[in-house]
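Chemist: First the structure, then my questions, so here it is.
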Protein chains: 2
Amino acid sequence: MSTSTSTQIHLASRPTGWPTDSNFSTVAVELPDLAEGEIRVANEFISVDPYMRGRMNDTKSYAAPYALDEVMTGGAVGRVVESRAEGFNVGDPVLHQLGWRDLSQSAAGNFRVVKDLPGLPLSAYLGILGMTAFTAYVGLTEIAGLKDGDTVFISGAAGAVGSAAGQIARLKGAKRVIGSAGSAAKVDLLTEKYGYDAAFNYKDGPVRGQLHDAAPEGIDVYFDNVGGEHLEAALDAFNPGGRGALCGAISVYNSTEAPVGPRNMSNMVTRGLTLKGFTVGNYAEHYPAFMADMSEWIAQGKIVFDETVVEGLENAVQGFLDLMRGANTGKMVIKL
Amino acid sequence: MSTSTSTQIHLASRPTGWPTDSNFSTVAVELPDLAEGEIRVANEFISVDPYMRGRMNDTKSYAAPYALDEVMTGGAVGRVVESRAEGFNVGDPVLHQLGWRDLSQSAAGNFRVVKDLPGLPLSAYLGILGMTAFTAYVGLTEIAGLKDGDTVFISGAAGAVGSAAGQIARLKGAKRVIGSAGSAAKVDLLTEKYGYDAAFNYKDGPVRGQLHDAAPEGIDVYFDNVGGEHLEAALDAFNPGGRGALCGAISVYNSTEAPVGPRNMSNMVTRGLTLKGFTVGNYAEHYPAFMADMSEWIAQGKIVFDETVVEGLENAVQGFLDLMRGANTGKMVIKL
């Protein structure tokens, strides 16, 4: 028998503005014996992602909000420690959405067996082979309709989604890829490691001017992780027919005041622009294509990635808050 | 020989904010004799449209800006008064884009012969059978992807585009159609004549609240002629998967200050919304489908329309300014 006490992080109250420790509680739950068809998993990595901030609010959205006094959920990878389900053996690595706890137990259908990957940690299934890189892939291909020869601008470019997006854009035919990030070190990474043609630190000056300098001939595609000033600058830089994939708006997630909206929306009419918001869960049918492309790119050494690893479930909330402040490079995961 | 003096309205200077008479000049031009392949047309109606305000600016756009000290152009219908082109006979009604003058003369390829319509003035080719209704059609079908059962919100609903859009939406399967306009008389027209299920006067109170009352279950499609507060309210009212066709932003065309942008753009991500700006000139391939549908609807008495007719080329500028202030119901045309 494995341990049966699951330590879980619950949402205790809905944050106003920046979340604090008081919005969360740590709860020890005694798990019942496995029912037929269930498995118990010891998690090795749990994912913290900016979208989780939105789910802490109680607002109209594709994704239901987190329930109060229930465990936060999210991507996680671990290994089976006990099984009453066919096809799941003790030791198998599995990917699932029952994160923010050390032990996850549920019907086997909520878990997917994955392969141990030579040279890659299991956490890759949360990042470069998981939701964040898949988000980058879908956003560029399905949402923004990336075409050969496009000039692409990506904000939040050193994050998990952005660092994948820059490389995918190039591999999918972009002519020029421009990124923004929030520190000089990240900007260096963009051009030196992730293959961006040009990059700037948005803290160095207005985005509009820096983007214009980096893309004097305009942009065709914008992949937005940031919102706010970045989106307005992109709307100014778009060439006719430009397309924006709106993936996130981390600049406003924790704002308690209504943000300033883009003042140049009328460009959308005169230039025939499209903006399309998305959450990747609605595009699961493209996952096989993503995995085929990404597995090949990784095998060919065409994709690089970084992870920011925070140790210990007890540091998950702090890790999440640090993520929201941009402390990560690439994917942030909590290692248990 | 016909008269050979063409009275034309030129753009004399680019307006800042609201145009004034001083931005325009009236010029008499002596036309040369027709060259082989040319025709001369006496215009009967010229079109004034809100999009023309944008072309008075010198900004990046699909449509080239109007040139200074050149004639304003735009839709017009008239009759051939002299012809040196095969297929064009004196008296033939023609549609063309060489408006803002009483006599238009050019290569025959710039004109299209149309039919005299029983019971309809030639001006119908500028409105319900022309660019404005075609804009409504393309916006709903190609841009917003209208589907059976959608709830549709249309701003500027008593204008040439909006009054057509409400009826087309219903004929194409919308479950519920809601419109906004700027006077009580227009609001009455929307529900009593144009078939809107609900309508409100945006001057009576915040759009957000009035829209919520009219569409308590949310909207699926928004057809935007107005921009500004209307767009923000629509972004709040959208159901997941909502789609907006951005056709115009008359609320901001004459603003000298940057308008307030929508402060709720992050709804686009969480609800998977799409906003797509368009100018109908890029969708000409759909014109035959529009003409087939619209001709049938008119023959069956399923479409009604209004025109606001201003007499005299000398009143064209004033008519245009009145249009921008919402003095029109349905299509505004200048009758020569």
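Identifiers for the structure tokens are assigned positionally: chains receive A, B, ... in sequence, residues are indexed from 1 per chain, and ligands are indexed from 1 in the order shown.
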Could you go through stretch 111-192 of chain A and tell me which residues DSSP, when run on the backbone, assigns to helix (DSSP H, G or I), listing them as number ranges by chain?
Modeler: A: 122-126, 131-143, 160-171, 184-192
Chemist: The selected residues should be written to file as an mmCIF file, in the first residue's frame (atoms: N, CA and C atoms).
Modeler:
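What ended up in result_4.cif:
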data_model
loop_
_atom_site.group_PDB
_atom_site.id
_atom_site.type_symbol
_atom_site.label_atom_id
_atom_site.label_comp_id
_atom_site.auth_asym_id
_atom_site.auth_seq_id
_atom_site.Cartn_x
_atom_site.Cartn_y
_atom_site.Cartn_z
ATOM 1 N N LEU A 122 10.334 14.549 -17.043
ATOM 2 C CA LEU A 122 8.889 14.398 -17.248
ATOM 3 C C LEU A 122 8.199 15.767 -17.372
ATOM 4 N N SER A 123 8.781 16.784 -16.760
ATOM 5 C CA SER A 123 8.176 18.120 -16.802
ATOM 6 C C SER A 123 8.053 18.643 -18.227
ATOM 7 N N ALA A 124 8.781 18.040 -19.180
ATOM 8 C CA ALA A 124 8.632 18.465 -20.583
ATOM 9 C C ALA A 124 7.190 18.328 -21.047
ATOM 10 N N TYR A 125 6.471 17.388 -20.448
ATOM 11 C CA TYR A 125 5.061 17.207 -20.827
ATOM 12 C C TYR A 125 4.176 18.357 -20.361
ATOM 13 N N LEU A 126 4.699 19.194 -19.510
ATOM 14 C CA LEU A 126 3.939 20.377 -19.090
ATOM 15 C C LEU A 126 4.333 21.607 -19.909
ATOM 16 N N MET A 131 1.048 21.729 -22.675
ATOM 17 C CA MET A 131 0.062 22.764 -22.949
ATOM 18 C C MET A 131 0.671 24.066 -23.457
ATOM 19 N N THR A 132 1.817 24.453 -22.900
ATOM 20 C CA THR A 132 2.305 25.788 -23.269
ATOM 21 C C THR A 132 2.822 25.828 -24.705
ATOM 22 N N ALA A 133 3.599 24.823 -25.102
ATOM 23 C CA ALA A 133 4.079 24.824 -26.495
ATOM 24 C C ALA A 133 2.927 24.543 -27.459
ATOM 25 N N PHE A 134 1.979 23.722 -27.041
ATOM 26 C CA PHE A 134 0.795 23.468 -27.866
ATOM 27 C C PHE A 134 0.006 24.770 -28.049
ATOM 28 N N THR A 135 -0.060 25.552 -26.999
ATOM 29 C CA THR A 135 -0.719 26.863 -27.101
ATOM 30 C C THR A 135 -0.025 27.738 -28.137
ATOM 31 N N ALA A 136 1.296 27.749 -28.103
ATOM 32 C CA ALA A 136 2.052 28.530 -29.079
ATOM 33 C C ALA A 136 1.760 28.046 -30.501
ATOM 34 N N TYR A 137 1.723 26.740 -30.647
ATOM 35 C CA TYR A 137 1.509 26.107 -31.962
ATOM 36 C C TYR A 137 0.129 26.447 -32.512
ATOM 37 N N VAL A 138 -0.891 26.233 -31.686
ATOM 38 C CA VAL A 138 -2.269 26.519 -32.120
ATOM 39 C C VAL A 138 -2.446 28.011 -32.406
ATOM 40 N N GLY A 139 -1.894 28.831 -31.542
ATOM 41 C CA GLY A 139 -2.055 30.275 -31.720
ATOM 42 C C GLY A 139 -1.480 30.750 -33.043
ATOM 43 N N LEU A 140 -0.324 30.228 -33.394
ATOM 44 C CA LEU A 140 0.305 30.661 -34.646
ATOM 45 C C LEU A 140 -0.391 30.063 -35.856
ATOM 46 N N THR A 141 -0.693 28.772 -35.791
ATOM 47 C CA THR A 141 -1.187 28.104 -36.993
ATOM 48 C C THR A 141 -2.691 28.289 -37.171
ATOM 49 N N GLU A 142 -3.470 27.912 -36.176
ATOM 50 C CA GLU A 142 -4.927 27.931 -36.326
ATOM 51 C C GLU A 142 -5.525 29.312 -36.077
ATOM 52 N N ILE A 143 -4.992 30.030 -35.121
ATOM 53 C CA ILE A 143 -5.628 31.288 -34.728
ATOM 54 C C ILE A 143 -5.129 32.437 -35.603
ATOM 55 N N ALA A 160 7.077 30.522 -21.182
ATOM 56 C CA ALA A 160 6.916 29.157 -21.708
ATOM 57 C C ALA A 160 6.265 29.180 -23.081
ATOM 58 N N VAL A 161 5.227 29.974 -23.229
ATOM 59 C CA VAL A 161 4.533 30.044 -24.519
ATOM 60 C C VAL A 161 5.386 30.818 -25.530
ATOM 61 N N GLY A 162 5.888 31.960 -25.114
ATOM 62 C CA GLY A 162 6.609 32.829 -26.035
ATOM 63 C C GLY A 162 7.898 32.226 -26.563
ATOM 64 N N SER A 163 8.654 31.552 -25.698
ATOM 65 C CA SER A 163 9.931 30.997 -26.169
ATOM 66 C C SER A 163 9.680 29.868 -27.159
ATOM 67 N N ALA A 164 8.582 29.141 -26.976
ATOM 68 C CA ALA A 164 8.213 28.132 -27.983
ATOM 69 C C ALA A 164 7.677 28.800 -29.243
ATOM 70 N N ALA A 165 6.884 29.845 -29.061
ATOM 71 C CA ALA A 165 6.238 30.486 -30.217
ATOM 72 C C ALA A 165 7.266 31.050 -31.196
ATOM 73 N N GLY A 166 8.305 31.668 -30.676
ATOM 74 C CA GLY A 166 9.313 32.245 -31.559
ATOM 75 C C GLY A 166 9.950 31.188 -32.443
ATOM 76 N N GLN A 167 10.253 30.050 -31.849
ATOM 77 C CA GLN A 167 10.898 28.983 -32.617
ATOM 78 C C GLN A 167 9.922 28.328 -33.598
ATOM 79 N N ILE A 168 8.685 28.138 -33.146
ATOM 80 C CA ILE A 168 7.681 27.522 -34.024
ATOM 81 C C ILE A 168 7.390 28.444 -35.212
ATOM 82 N N ALA A 169 7.332 29.747 -34.931
ATOM 83 C CA ALA A 169 7.060 30.694 -36.015
ATOM 84 C C ALA A 169 8.125 30.555 -37.103
ATOM 85 N N ARG A 170 9.366 30.500 -36.665
ATOM 86 C CA ARG A 170 10.461 30.367 -37.633
ATOM 87 C C ARG A 170 10.359 29.060 -38.406
ATOM 88 N N LEU A 171 10.114 27.970 -37.665
ATOM 89 C CA LEU A 171 10.038 26.648 -38.309
ATOM 90 C C LEU A 171 8.838 26.545 -39.254
ATOM 91 N N ALA A 184 16.945 42.602 -19.519
ATOM 92 C CA ALA A 184 18.025 42.533 -20.508
ATOM 93 C C ALA A 184 18.482 41.092 -20.704
ATOM 94 N N ALA A 185 18.502 40.319 -19.606
ATOM 95 C CA ALA A 185 18.953 38.925 -19.723
ATOM 96 C C ALA A 185 18.009 38.134 -20.611
ATOM 97 N N LYS A 186 16.704 38.378 -20.445
ATOM 98 C CA LYS A 186 15.739 37.664 -21.282
ATOM 99 C C LYS A 186 15.857 38.094 -22.745
ATOM 100 N N VAL A 187 16.050 39.377 -22.948
ATOM 101 C CA VAL A 187 16.187 39.867 -24.327
ATOM 102 C C VAL A 187 17.389 39.206 -25.004
ATOM 103 N N ASP A 188 18.475 39.053 -24.248
ATOM 104 C CA ASP A 188 19.640 38.367 -24.806
ATOM 105 C C ASP A 188 19.304 36.922 -25.181
ATOM 106 N N LEU A 189 18.579 36.249 -24.297
ATOM 107 C CA LEU A 189 18.185 34.873 -24.586
ATOM 108 C C LEU A 189 17.382 34.780 -25.877
ATOM 109 N N LEU A 190 16.507 35.760 -26.077
ATOM 110 C CA LEU A 190 15.627 35.700 -27.245
ATOM 111 C C LEU A 190 16.423 35.632 -28.532
ATOM 112 N N THR A 191 17.403 36.503 -28.632
ATOM 113 C CA THR A 191 18.160 36.521 -29.888
ATOM 114 C C THR A 191 19.271 35.472 -29.906
ATOM 115 N N GLU A 192 19.820 35.158 -28.734
ATOM 116 C CA GLU A 192 20.981 34.254 -28.738
ATOM 117 C C GLU A 192 20.594 32.788 -28.651
#
Chemist: Would you list, as JSON, numbers by chain, the residues of stretch 53-277 of chain A that end up in strand (DSSP E) under DSSP run on this structure's backbone?
Modeler: {"A": [76, 77, 78, 79, 80, 81, 82, 83, 93, 94, 95, 96, 103, 104, 105, 106, 107, 111, 112, 113, 151, 152, 153, 154, 176, 177, 178, 179, 180, 181, 198, 199, 200, 201, 219, 220, 221, 222, 223, 224, 238, 239, 240, 241, 242, 243, 244, 245, 246, 274, 275, 276, 277]}
Chemist: So that I can check the surroundings of stretch 3-11 of chain B, please list as a list in words every protein, DNA and RNA residue that reaches within 8 Å of it, counting only C-alpha atoms and ignoring chain neighbours fewer than 2 positions away.
Modeler: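 Close residues of stretch 3-11 of chain B: Met1, Ser13, Arg14, Asn23, Phe24, Ser25, Thr26, Val27, Ala28, Val29, Glu30, Leu31, Pro32, Met56, Tyr66, Ala67, Leu68, Asp69, Glu70, Val71, Met72, Trp100, Arg101, Asp102, Leu103 and Ser104 of chain B.
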Chemist: Would you export the selected residues with C-alpha atoms as a PDB file, in the first residue's frame, please?
Modeler:
ATOM      1  CA  MET B   1     -22.807  67.176 -78.008  1.00  0.00           C
ATOM      2  CA  SER B  13      -7.083  70.264 -47.110  1.00  0.00           C
ATOM      3  CA  ARG B  14      -7.116  67.389 -44.635  1.00  0.00           C
ATOM      4  CA  ASN B  23     -11.670  71.609 -46.331  1.00  0.00           C
ATOM      5  CA  PHE B  24     -13.434  71.387 -49.697  1.00  0.00           C
ATOM      6  CA  SER B  25     -13.519  73.409 -52.866  1.00  0.00           C
ATOM      7  CA  THR B  26     -15.859  73.427 -55.826  1.00  0.00           C
ATOM      8  CA  VAL B  27     -14.071  73.389 -59.150  1.00  0.00           C
ATOM      9  CA  ALA B  28     -15.431  73.660 -62.697  1.00  0.00           C
ATOM     10  CA  VAL B  29     -13.456  71.513 -65.087  1.00  0.00           C
ATOM     11  CA  GLU B  30     -13.773  71.690 -68.862  1.00  0.00           C
ATOM     12  CA  LEU B  31     -13.872  68.123 -70.132  1.00  0.00           C
ATOM     13  CA  PRO B  32     -11.925  67.208 -73.266  1.00  0.00           C
ATOM     14  CA  MET B  56      -9.639  62.274 -45.826  1.00  0.00           C
ATOM     15  CA  TYR B  66      -8.016  61.023 -51.044  1.00  0.00           C
ATOM     16  CA  ALA B  67      -5.431  63.155 -52.794  1.00  0.00           C
ATOM     17  CA  LEU B  68      -5.406  66.851 -52.020  1.00  0.00           C
ATOM     18  CA  ASP B  69      -6.748  69.131 -54.767  1.00  0.00           C
ATOM     19  CA  GLU B  70      -8.255  66.150 -56.501  1.00  0.00           C
ATOM     20  CA  VAL B  71     -11.903  65.264 -56.778  1.00  0.00           C
ATOM     21  CA  MET B  72     -13.415  63.248 -53.966  1.00  0.00           C
ATOM     22  CA  TRP B 100     -18.706  64.036 -56.221  1.00  0.00           C
ATOM     23  CA  ARG B 101     -19.223  65.702 -59.596  1.00  0.00           C
ATOM     24  CA  ASP B 102     -22.122  66.221 -61.938  1.00  0.00           C
ATOM     25  CA  LEU B 103     -20.413  64.872 -65.058  1.00  0.00           C
ATOM     26  CA  SER B 104     -18.045  61.899 -64.894  1.00  0.00           C
TER      27      SER B 104
END
Chemist: Nearest to chain A among B:Pro93, B:Gly78, B:Gly37, B:Gly242, with distances taken over only C-alpha atoms: which residue is it?
Modeler: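 Checking each candidate against chain A, we get B:Gly242 as the closest.
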Chemist: Report as a PyMOL selection string the set of chain B residues whose atoms approach chain A to within 6 Å, with distances computed over only C-alpha atoms.
Modeler: chain B and resi 61-62+246-247+258-263+268-278
Chemist: Include C-alpha atoms and write out the residues we just selected as an mmCIF file, in the first residue's frame.
Modeler:
data_model
loop_
_atom_site.group_PDB
_atom_site.id
_atom_site.type_symbol
_atom_site.label_atom_id
_atom_site.label_comp_id
_atom_site.auth_asym_id
_atom_site.auth_seq_id
_atom_site.Cartn_x
_atom_site.Cartn_y
_atom_site.Cartn_z
ATOM 1 C CA SER B 61 -5.123 51.755 -44.810
ATOM 2 C CA TYR B 62 -6.308 49.357 -47.480
ATOM 3 C CA LEU B 246 -15.983 45.706 -37.261
ATOM 4 C CA CYS B 247 -17.331 47.788 -40.091
ATOM 5 C CA ALA B 258 -7.343 59.363 -28.921
ATOM 6 C CA PRO B 259 -10.606 57.658 -27.982
ATOM 7 C CA VAL B 260 -10.973 55.503 -24.894
ATOM 8 C CA GLY B 261 -10.323 51.926 -25.961
ATOM 9 C CA PRO B 262 -12.316 48.928 -24.774
ATOM 10 C CA ARG B 263 -11.113 48.125 -21.267
ATOM 11 C CA MET B 268 -11.428 37.951 -25.866
ATOM 12 C CA VAL B 269 -9.094 35.358 -24.411
ATOM 13 C CA THR B 270 -11.316 33.907 -21.738
ATOM 14 C CA ARG B 271 -14.359 33.688 -23.983
ATOM 15 C CA GLY B 272 -12.585 32.841 -27.233
ATOM 16 C CA LEU B 273 -13.905 35.904 -29.056
ATOM 17 C CA THR B 274 -13.026 37.044 -32.566
ATOM 18 C CA LEU B 275 -13.065 40.611 -33.856
ATOM 19 C CA LYS B 276 -12.486 41.141 -37.546
ATOM 20 C CA GLY B 277 -12.332 44.482 -39.251
ATOM 21 C CA PHE B 278 -13.164 44.715 -42.927
#
Chemist: Atom CA of B:Gly99 and atom CA of B:Pro19 are how many Å apart?
Modeler: 18.7 Å
Chemist: What is the atom CA of B:Glu307-atom CA of B:Met332 distance in Å, reported with one decimal?
Modeler: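 We find that atom CA of B:Glu307 and atom CA of B:Met332 lie 5.7 Å from each other.
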Chemist: May I ask for the distance between atom CA of B:Lys172 and atom CA of B:Tyr222, given in Å to one decimal place?
Modeler: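 Calculated distance between atom CA of B:Lys172 and atom CA of B:Tyr222 is 14.7 Å.
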Chemist: Between A:Lys193, A:Arg79, A:Lys147, A:Lys203, single out the one closest to A:Asp116, counting only C-alpha atoms.
Modeler: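 Looking at the shortest contact to A:Asp116, the residue is A:Arg79.
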Chemist: Need to verify the contact set: B:Gly319, 8 Å, only C-alpha atoms, exclusion of same-chain residues closer than 6 positions in sequence. Can you return it as number ranges by chain?
Modeler: B: 48, 310, 332, 334
Chemist: Just the residues within 12 Å of B:Leu120, please, counting only C-alpha atoms, with nothing from its chain fewer than 6 positions along; format it as a VMD selection string.
Modeler: chain B and resid 126 to 129 295 298 to 299 304 to 307
